[in-house]
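Engineer: Provided herewith: coords37.pdb, PDB, C-alpha atoms, pLDDT in the B column.
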ATOM      1  CA  MET A   1      14.859  25.112 -39.620  1.00 54.00           C
ATOM      2  CA  GLU A   2      17.398  22.437 -40.471  1.00 59.00           C
ATOM      3  CA  LEU A   3      21.031  23.451 -40.437  1.00 72.00           C
ATOM      4  CA  LYS A   4      23.542  20.699 -41.119  1.00 74.00           C
ATOM      5  CA  ARG A   5      26.718  22.771 -41.049  1.00 84.00           C
ATOM      6  CA  ILE A   6      27.353  25.650 -38.680  1.00 94.00           C
ATOM      7  CA  VAL A   7      30.508  27.664 -38.123  1.00 96.00           C
ATOM      8  CA  VAL A   8      31.423  28.208 -34.472  1.00 96.00           C
ATOM      9  CA  ALA A   9      32.789  31.716 -33.914  1.00 95.00           C
ATOM     10  CA  SER A  10      35.313  30.698 -31.287  1.00 89.00           C
ATOM     11  CA  GLY A  11      38.929  29.746 -30.957  1.00 80.00           C
ATOM     12  CA  ASN A  12      38.234  27.974 -27.648  1.00 82.00           C
ATOM     13  CA  GLN A  13      38.511  24.257 -28.435  1.00 83.00           C
ATOM     14  CA  HIS A  14      36.945  23.342 -25.078  1.00 80.00           C
ATOM     15  CA  LYS A  15      33.766  25.204 -26.032  1.00 83.00           C
ATOM     16  CA  ILE A  16      33.656  23.704 -29.520  1.00 88.00           C
ATOM     17  CA  ASP A  17      34.102  20.186 -28.118  1.00 86.00           C
ATOM     18  CA  GLU A  18      31.272  20.782 -25.629  1.00 84.00           C
ATOM     19  CA  ILE A  19      28.950  22.027 -28.369  1.00 87.00           C
ATOM     20  CA  ARG A  20      29.758  18.997 -30.546  1.00 88.00           C
ATOM     21  CA  GLN A  21      29.112  16.618 -27.644  1.00 84.00           C
ATOM     22  CA  ILE A  22      25.762  18.243 -26.872  1.00 82.00           C
ATOM     23  CA  PHE A  23      24.543  18.159 -30.494  1.00 82.00           C
ATOM     24  CA  PRO A  24      26.440  15.395 -32.325  1.00 85.00           C
ATOM     25  CA  ASP A  25      24.077  15.395 -35.332  1.00 85.00           C
ATOM     26  CA  VAL A  26      25.165  18.860 -36.484  1.00 87.00           C
ATOM     27  CA  ASN A  27      28.473  19.458 -38.263  1.00 91.00           C
ATOM     28  CA  PHE A  28      30.020  22.256 -36.200  1.00 93.00           C
ATOM     29  CA  VAL A  29      33.137  23.679 -37.842  1.00 93.00           C
ATOM     30  CA  SER A  30      35.613  25.972 -36.107  1.00 93.00           C
ATOM     31  CA  MET A  31      36.068  29.371 -37.741  1.00 95.00           C
ATOM     32  CA  HIS A  32      39.821  28.688 -37.729  1.00 94.00           C
ATOM     33  CA  ASP A  33      39.316  25.578 -39.871  1.00 91.00           C
ATOM     34  CA  LEU A  34      37.750  27.821 -42.512  1.00 92.00           C
ATOM     35  CA  GLY A  35      40.533  30.388 -42.389  1.00 91.00           C
ATOM     36  CA  PHE A  36      38.994  33.036 -40.105  1.00 93.00           C
ATOM     37  CA  ASN A  37      41.741  34.005 -37.684  1.00 91.00           C
ATOM     38  CA  GLU A  38      40.971  37.672 -37.026  1.00 90.00           C
ATOM     39  CA  GLU A  39      40.685  38.901 -33.454  1.00 88.00           C
ATOM     40  CA  ILE A  40      37.088  39.928 -32.707  1.00 91.00           C
ATOM     41  CA  GLU A  41      36.863  42.711 -30.165  1.00 90.00           C
ATOM     42  CA  GLU A  42      34.125  42.048 -27.624  1.00 89.00           C
ATOM     43  CA  THR A  43      32.912  45.564 -26.928  1.00 92.00           C
ATOM     44  CA  GLY A  44      29.449  44.674 -25.620  1.00 94.00           C
ATOM     45  CA  SER A  45      28.343  45.215 -22.040  1.00 94.00           C
ATOM     46  CA  THR A  46      26.127  42.094 -21.999  1.00 97.00           C
ATOM     47  CA  PHE A  47      26.548  38.441 -22.978  1.00 97.00           C
ATOM     48  CA  LYS A  48      23.918  38.904 -25.699  1.00 97.00           C
ATOM     49  CA  GLU A  49      25.708  41.879 -27.270  1.00 97.00           C
ATOM     50  CA  ASN A  50      29.054  40.073 -27.344  1.00 97.00           C
ATOM     51  CA  ALA A  51      27.556  36.878 -28.799  1.00 97.00           C
ATOM     52  CA  CYS A  52      25.930  38.946 -31.549  1.00 97.00           C
ATOM     53  CA  ILE A  53      29.165  40.846 -32.320  1.00 97.00           C
ATOM     54  CA  LYS A  54      31.097  37.583 -32.754  1.00 96.00           C
ATOM     55  CA  ALA A  55      28.426  35.774 -34.799  1.00 97.00           C
ATOM     56  CA  GLU A  56      27.911  38.735 -37.145  1.00 97.00           C
ATOM     57  CA  ALA A  57      31.631  39.277 -37.725  1.00 96.00           C
ATOM     58  CA  VAL A  58      32.307  35.686 -38.776  1.00 96.00           C
ATOM     59  CA  CYS A  59      29.055  35.237 -40.727  1.00 96.00           C
ATOM     60  CA  LYS A  60      29.749  38.380 -42.733  1.00 95.00           C
ATOM     61  CA  ILE A  61      33.174  37.143 -43.877  1.00 95.00           C
ATOM     62  CA  LEU A  62      32.462  33.426 -44.378  1.00 95.00           C
ATOM     63  CA  ASN A  63      28.842  33.824 -45.557  1.00 94.00           C
ATOM     64  CA  LEU A  64      27.777  30.733 -43.614  1.00 94.00           C
ATOM     65  CA  PRO A  65      25.413  30.185 -40.655  1.00 95.00           C
ATOM     66  CA  THR A  66      27.491  31.110 -37.614  1.00 97.00           C
ATOM     67  CA  LEU A  67      27.009  30.280 -33.956  1.00 97.00           C
ATOM     68  CA  ALA A  68      28.669  32.355 -31.246  1.00 97.00           C
ATOM     69  CA  ASP A  69      28.307  32.271 -27.516  1.00 94.00           C
ATOM     70  CA  ASP A  70      29.317  34.577 -24.770  1.00 95.00           C
ATOM     71  CA  SER A  71      29.346  33.167 -21.312  1.00 95.00           C
ATOM     72  CA  GLY A  72      30.761  33.745 -17.893  1.00 96.00           C
ATOM     73  CA  LEU A  73      30.564  33.346 -14.169  1.00 98.00           C
ATOM     74  CA  CYS A  74      28.279  35.677 -12.230  1.00 98.00           C
ATOM     75  CA  VAL A  75      28.830  35.892  -8.468  1.00 98.00           C
ATOM     76  CA  ASP A  76      26.047  37.289  -6.281  1.00 98.00           C
ATOM     77  CA  MET A  77      28.207  39.082  -3.703  1.00 97.00           C
ATOM     78  CA  LEU A  78      30.258  40.689  -6.504  1.00 97.00           C
ATOM     79  CA  ASP A  79      27.073  42.112  -8.095  1.00 97.00           C
ATOM     80  CA  GLY A  80      27.345  39.717 -11.029  1.00 97.00           C
ATOM     81  CA  ALA A  81      31.072  40.065 -11.607  1.00 97.00           C
ATOM     82  CA  PRO A  82      33.202  38.869 -13.281  1.00 98.00           C
ATOM     83  CA  GLY A  83      30.346  38.428 -15.788  1.00 97.00           C
ATOM     84  CA  VAL A  84      31.307  39.419 -19.347  1.00 96.00           C
ATOM     85  CA  TYR A  85      34.876  39.926 -18.116  1.00 95.00           C
ATOM     86  CA  SER A  86      35.213  36.336 -16.801  1.00 96.00           C
ATOM     87  CA  ALA A  87      37.964  35.322 -19.236  1.00 92.00           C
ATOM     88  CA  ARG A  88      39.945  38.500 -18.601  1.00 93.00           C
ATOM     89  CA  PHE A  89      39.080  39.088 -14.940  1.00 96.00           C
ATOM     90  CA  SER A  90      42.687  39.392 -13.808  1.00 95.00           C
ATOM     91  CA  GLY A  91      44.229  40.032 -17.229  1.00 94.00           C
ATOM     92  CA  ARG A  92      46.749  37.265 -16.539  1.00 95.00           C
ATOM     93  CA  GLY A  93      45.078  33.971 -17.441  1.00 94.00           C
ATOM     94  CA  GLU A  94      42.816  31.324 -15.917  1.00 95.00           C
ATOM     95  CA  LYS A  95      44.778  30.531 -12.743  1.00 96.00           C
ATOM     96  CA  ALA A  96      45.201  34.226 -11.925  1.00 97.00           C
ATOM     97  CA  ASN A  97      41.455  34.728 -12.540  1.00 97.00           C
ATOM     98  CA  ARG A  98      40.625  32.032  -9.992  1.00 97.00           C
ATOM     99  CA  ASP A  99      43.103  33.382  -7.460  1.00 97.00           C
ATOM    100  CA  LEU A 100      41.613  36.873  -7.774  1.00 98.00           C
ATOM    101  CA  LEU A 101      38.091  35.508  -7.319  1.00 98.00           C
ATOM    102  CA  LEU A 102      39.100  33.635  -4.156  1.00 97.00           C
ATOM    103  CA  ARG A 103      40.768  36.759  -2.748  1.00 97.00           C
ATOM    104  CA  ARG A 104      37.679  38.867  -3.438  1.00 96.00           C
ATOM    105  CA  MET A 105      35.467  36.304  -1.670  1.00 96.00           C
ATOM    106  CA  LYS A 106      37.779  35.547   1.254  1.00 94.00           C
ATOM    107  CA  ASP A 107      35.612  37.041   3.998  1.00 90.00           C
ATOM    108  CA  THR A 108      32.100  36.286   2.783  1.00 94.00           C
ATOM    109  CA  ASP A 109      29.554  33.582   3.582  1.00 94.00           C
ATOM    110  CA  ASN A 110      27.454  34.443   0.524  1.00 97.00           C
ATOM    111  CA  ARG A 111      29.037  32.222  -2.108  1.00 98.00           C
ATOM    112  CA  ARG A 112      26.044  31.893  -4.478  1.00 98.00           C
ATOM    113  CA  ALA A 113      26.860  32.092  -8.176  1.00 98.00           C
ATOM    114  CA  HIS A 114      25.735  30.976 -11.611  1.00 98.00           C
ATOM    115  CA  PHE A 115      27.226  30.431 -15.019  1.00 98.00           C
ATOM    116  CA  GLU A 116      25.337  32.221 -17.771  1.00 98.00           C
ATOM    117  CA  CYS A 117      25.482  31.688 -21.517  1.00 97.00           C
ATOM    118  CA  VAL A 118      23.857  33.448 -24.464  1.00 98.00           C
ATOM    119  CA  MET A 119      24.008  31.868 -27.917  1.00 97.00           C
ATOM    120  CA  CYS A 120      23.510  33.807 -31.135  1.00 98.00           C
ATOM    121  CA  LEU A 121      22.986  32.097 -34.481  1.00 97.00           C
ATOM    122  CA  CYS A 122      23.483  34.522 -37.354  1.00 97.00           C
ATOM    123  CA  LEU A 123      22.375  33.548 -40.857  1.00 96.00           C
ATOM    124  CA  PRO A 124      23.798  35.012 -44.078  1.00 95.00           C
ATOM    125  CA  ASP A 125      20.436  36.706 -44.811  1.00 94.00           C
ATOM    126  CA  GLY A 126      20.792  38.723 -41.599  1.00 94.00           C
ATOM    127  CA  GLN A 127      18.373  36.762 -39.415  1.00 95.00           C
ATOM    128  CA  LYS A 128      19.480  36.188 -35.832  1.00 96.00           C
ATOM    129  CA  PHE A 129      18.247  33.700 -33.265  1.00 96.00           C
ATOM    130  CA  TYR A 130      19.144  33.576 -29.590  1.00 97.00           C
ATOM    131  CA  GLY A 131      19.211  31.095 -26.745  1.00 97.00           C
ATOM    132  CA  GLU A 132      19.940  31.695 -23.065  1.00 98.00           C
ATOM    133  CA  GLY A 133      20.909  29.330 -20.285  1.00 98.00           C
ATOM    134  CA  ARG A 134      22.022  29.350 -16.657  1.00 98.00           C
ATOM    135  CA  THR A 135      23.305  26.786 -14.193  1.00 98.00           C
ATOM    136  CA  TYR A 136      23.386  27.537 -10.465  1.00 98.00           C
ATOM    137  CA  GLY A 137      25.756  26.713  -7.643  1.00 98.00           C
ATOM    138  CA  LYS A 138      28.277  28.247  -5.293  1.00 98.00           C
ATOM    139  CA  ILE A 139      31.954  29.186  -5.203  1.00 98.00           C
ATOM    140  CA  LEU A 140      34.167  26.796  -3.251  1.00 97.00           C
ATOM    141  CA  THR A 141      36.919  28.050  -0.952  1.00 96.00           C
ATOM    142  CA  GLU A 142      39.608  26.111  -2.830  1.00 96.00           C
ATOM    143  CA  GLU A 143      40.140  24.456  -6.195  1.00 97.00           C
ATOM    144  CA  THR A 144      38.592  20.988  -6.345  1.00 97.00           C
ATOM    145  CA  GLY A 145      38.842  18.482  -9.213  1.00 97.00           C
ATOM    146  CA  GLU A 146      41.042  17.992 -12.253  1.00 95.00           C
ATOM    147  CA  ASN A 147      38.674  18.255 -15.224  1.00 93.00           C
ATOM    148  CA  GLY A 148      37.182  21.141 -17.160  1.00 88.00           C
ATOM    149  CA  PHE A 149      38.643  24.610 -17.604  1.00 90.00           C
ATOM    150  CA  GLY A 150      38.262  28.182 -16.431  1.00 94.00           C
ATOM    151  CA  TYR A 151      36.379  28.403 -13.128  1.00 97.00           C
ATOM    152  CA  ASP A 152      35.133  24.775 -13.185  1.00 96.00           C
ATOM    153  CA  CYS A 153      37.280  23.717 -10.220  1.00 97.00           C
ATOM    154  CA  LEU A 154      35.762  26.489  -8.057  1.00 98.00           C
ATOM    155  CA  PHE A 155      32.122  26.029  -9.096  1.00 98.00           C
ATOM    156  CA  PHE A 156      30.057  23.595  -7.004  1.00 98.00           C
ATOM    157  CA  SER A 157      27.009  22.605  -9.059  1.00 98.00           C
ATOM    158  CA  ASP A 158      23.613  22.511  -7.324  1.00 98.00           C
ATOM    159  CA  ASP A 159      22.434  19.920  -9.873  1.00 98.00           C
ATOM    160  CA  LEU A 160      25.384  17.542  -9.596  1.00 98.00           C
ATOM    161  CA  GLU A 161      26.412  18.233  -5.974  1.00 98.00           C
ATOM    162  CA  LYS A 162      30.091  18.417  -6.863  1.00 98.00           C
ATOM    163  CA  SER A 163      32.410  20.799  -8.648  1.00 98.00           C
ATOM    164  CA  PHE A 164      32.319  20.915 -12.432  1.00 97.00           C
ATOM    165  CA  ALA A 165      35.980  19.871 -12.389  1.00 97.00           C
ATOM    166  CA  GLU A 166      35.010  16.653 -10.583  1.00 98.00           C
ATOM    167  CA  CYS A 167      32.530  15.779 -13.332  1.00 96.00           C
ATOM    168  CA  SER A 168      32.945  13.860 -16.542  1.00 94.00           C
ATOM    169  CA  PRO A 169      32.313  15.930 -19.700  1.00 90.00           C
ATOM    170  CA  GLU A 170      28.986  14.101 -20.091  1.00 91.00           C
ATOM    171  CA  GLU A 171      27.879  14.985 -16.563  1.00 95.00           C
ATOM    172  CA  LYS A 172      28.806  18.630 -16.944  1.00 93.00           C
ATOM    173  CA  ASN A 173      27.189  18.896 -20.374  1.00 90.00           C
ATOM    174  CA  SER A 174      23.930  17.449 -19.012  1.00 93.00           C
ATOM    175  CA  VAL A 175      23.341  20.533 -16.817  1.00 96.00           C
ATOM    176  CA  SER A 176      25.644  23.205 -18.224  1.00 94.00           C
ATOM    177  CA  HIS A 177      24.655  26.761 -19.068  1.00 96.00           C
ATOM    178  CA  ARG A 178      25.877  26.062 -22.616  1.00 93.00           C
ATOM    179  CA  ARG A 179      23.568  23.059 -23.043  1.00 93.00           C
ATOM    180  CA  ARG A 180      20.619  25.039 -21.725  1.00 96.00           C
ATOM    181  CA  ALA A 181      21.381  27.949 -24.054  1.00 96.00           C
ATOM    182  CA  LEU A 182      21.686  25.590 -27.041  1.00 93.00           C
ATOM    183  CA  GLU A 183      18.405  23.897 -26.139  1.00 92.00           C
ATOM    184  CA  ASP A 184      16.723  27.288 -25.805  1.00 95.00           C
ATOM    185  CA  LEU A 185      18.138  28.281 -29.205  1.00 93.00           C
ATOM    186  CA  LYS A 186      16.894  25.029 -30.739  1.00 88.00           C
ATOM    187  CA  LYS A 187      13.431  25.678 -29.279  1.00 91.00           C
ATOM    188  CA  ASN A 188      13.420  29.205 -30.707  1.00 89.00           C
ATOM    189  CA  LEU A 189      14.405  27.863 -34.136  1.00 86.00           C
ATOM    190  CA  SER A 190      11.537  25.350 -33.934  1.00 79.00           C
ATOM    191  CA  LEU A 191       9.106  28.137 -33.041  1.00 68.00           C
ATOM    192  CA  GLU A 192      10.247  30.034 -36.127  1.00 60.00           C
ATOM    193  CA  GLU A 193       9.476  26.971 -38.277  1.00 55.00           C
ATOM    194  CA  THR A 194       6.010  26.726 -36.739  1.00 45.00           C
ATOM    195  CA  GLU A 195       5.292  30.384 -37.471  1.00 51.00           C
ATOM    196  CA  GLU A 196       6.286  29.931 -41.092  1.00 47.00           C
TER     197      GLU A 196
END
Go through the file and emit its structure as structure tokens.

Structural biologist:
Amino acid sequence: MELKRIVVASGNQHKIDEIRQIFPDVNFVSMHDLGFNEEIEETGSTFKENACIKAEAVCKILNLPTLADDSGLCVDMLDGAPGVYSARFSGRGEKANRDLLLRRMKDTDNRRAHFECVMCLCLPDGQKFYGEGRTYGKILTEETGENGFGYDCLFFSDDLEKSFAECSPEEKNSVSHRRRALEDLKKNLSLEETEE
């Protein structure tokens, strides 16, 4: 299935830039550039549910193939939290989210964690395709590095052996949960072509 133009159901420019860097041959367009500025309420209890809610909402209004992701940080000793609530963990922004995470993990040696991403591509005819990806590491005891966003400065990547915030965008994108979810989605689209 060849899709040359896909709407990204996100207002997060960091995410859109990452997606464009990972797949430069596809014309990814922000929903805001096409006039969709409504707030989409993420009422799902899983990454997959939230990705589907966002993709469907934008696709329905714009009538164009729409890609949405839901992703977050899952910490083992917090039973997977903050998970789907990663962006609103503290309710007071990214720095407060990181501070809360460090406080919650102050007295533990188990610092294992992973980033998880689920992508949903919704087509105007109602078809939906999914991709899932994870990248593993651990939570550092203090912020390290200047790049990235969100929890990147606290996440030490097993693959890269440094924090995501110490990586170049290219390094991070080579192993990120978002890349792996997009590659899984691409594989699932290819399987659909084969079945047809």

Engineer: At what distance in Å, to one decimal, does atom CA of Pro169 of chain A lie from atom CA of Glu42 of chain A?

Structural biologist: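 Result for atom CA of Glu42 of chain A versus atom CA of Pro169 of chain A: 27.4 Å, one decimal.
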
Engineer: Kindly extract all protein, DNA and RNA residues lying within 8 Å of the coordinates (24.6, 33.0, -14.7) given in the file, considering only C-alpha atoms, and supply them as a ChimeraX atom specification.

Structural biologist: /A:72-74,83,113-117,133-136,177

Engineer: Might you spell out which residues the PyMOL selection byres ((chain A and resi 77) around 12) would select in the displayed file, as a list in words?

Structural biologist: Cys74, Val75, Asp76, Leu78, Asp79, Gly80, Ala81, Pro82, Leu101, Arg104, Met105, Lys106, Asp107, Thr108, Asp109, Asn110, Arg111, Arg112, Ala113, His114, Lys138 and Ile139 of chain A

Engineer: I would like the residues chosen by the PyMOL selection byres ((chain A and resi 151) around 9) on the shown file; could you give them as a PyMOL selection string?

Structural biologist: chain A and resi 73+86+94-95+97-98+143+148-150+152-155+164-165

Engineer: Would you kindly return, as a compact mmCIF listing (two decimals) with C-alpha atoms, keeping the file's coordinate frame, each protein, DNA or RNA residue with an atom no farther than 9 Å from any atom of segment 14-28 of chain A, considering all atoms listed in the file and excluding same-chain residues fewer than 6 positions away?

Structural biologist:
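So around-v7.txt came out as:
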# COMPACT_ATOMS: atom_id res chain seq x y z
CA LEU A 3 21.03 23.45 -40.44
CA LYS A 4 23.54 20.70 -41.12
CA ARG A 5 26.72 22.77 -41.05
CA ILE A 6 27.35 25.65 -38.68
CA VAL A 7 30.51 27.66 -38.12
CA VAL A 8 31.42 28.21 -34.47
CA LEU A 67 27.01 30.28 -33.96
CA GLY A 148 37.18 21.14 -17.16
CA PHE A 149 38.64 24.61 -17.60
CA PRO A 169 32.31 15.93 -19.70
CA GLU A 170 28.99 14.10 -20.09
CA ASN A 173 27.19 18.90 -20.37
CA SER A 174 23.93 17.45 -19.01
CA ARG A 178 25.88 26.06 -22.62
CA ARG A 179 23.57 23.06 -23.04
CA LEU A 182 21.69 25.59 -27.04

Engineer: Within 10 Å of Gly131 of chain A, counting only C-alpha atoms, which residues show up once you throw out same-chain ones fewer than 4 positions away? Write them as a list in words, please.

Structural biologist: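 Answer for this query is Lys48, Asp69, Cys117, Val118, Met119, Cys120, Leu121, Arg178, Arg179, Arg180, Ala181, Leu182, Glu183, Asp184, Leu185, Lys186, Lys187, Asn188 and Leu189 of chain A.
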
Engineer: Could you list, as a PyMOL selection string, every residue matched by the PyMOL selection byres ((chain A and resi 10) around 7) in this structure?

Structural biologist: chain A and resi 8-9+11-12+30-31+68

Engineer: For C-alpha atoms, I'd like the residues from the last selection saved as a CSV table (one decimal), in the frame of the given file.

Structural biologist:
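out.csv written:
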chain,number,residue,atom,x,y,z
A,8,VAL,CA,31.4,28.2,-34.5
A,9,ALA,CA,32.8,31.7,-33.9
A,11,GLY,CA,38.9,29.7,-31.0
A,12,ASN,CA,38.2,28.0,-27.6
A,30,SER,CA,35.6,26.0,-36.1
A,31,MET,CA,36.1,29.4,-37.7
A,68,ALA,CA,28.7,32.4,-31.2

Engineer: Work out how far atom CA of Ser71 of chain A is from atom CA of Tyr85 of chain A, in Å to one decimal.

Structural biologist: 9.3 Å

Engineer: Could you work out how far atom CA of Asn147 of chain A lies from atom CA of Gln13 of chain A, giving the answer in Å with one decimal?

Structural biologist: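 If I compute the distance from atom CA of Gln13 of chain A to atom CA of Asn147 of chain A, I get 14.5 Å.
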
Engineer: Do a neighbour search on Phe156 of chain A at 6 Å with only C-alpha atoms, toss out local chain neighbours closer than 5 positions, and write the hits as a ChimeraX atom specification.

Structural biologist: /A:137-138,162-163

Engineer: Could you check the closest approach to His32 of chain A for each of A:Phe129, A:Val58, A:Asp159, A:Ser168 and tell me which residue wins, using all atoms listed in the file?

Structural biologist: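 Of A:Phe129, A:Val58, A:Asp159, A:Ser168, the one nearest His32 of chain A, counting all atoms listed in the file, is A:Val58.
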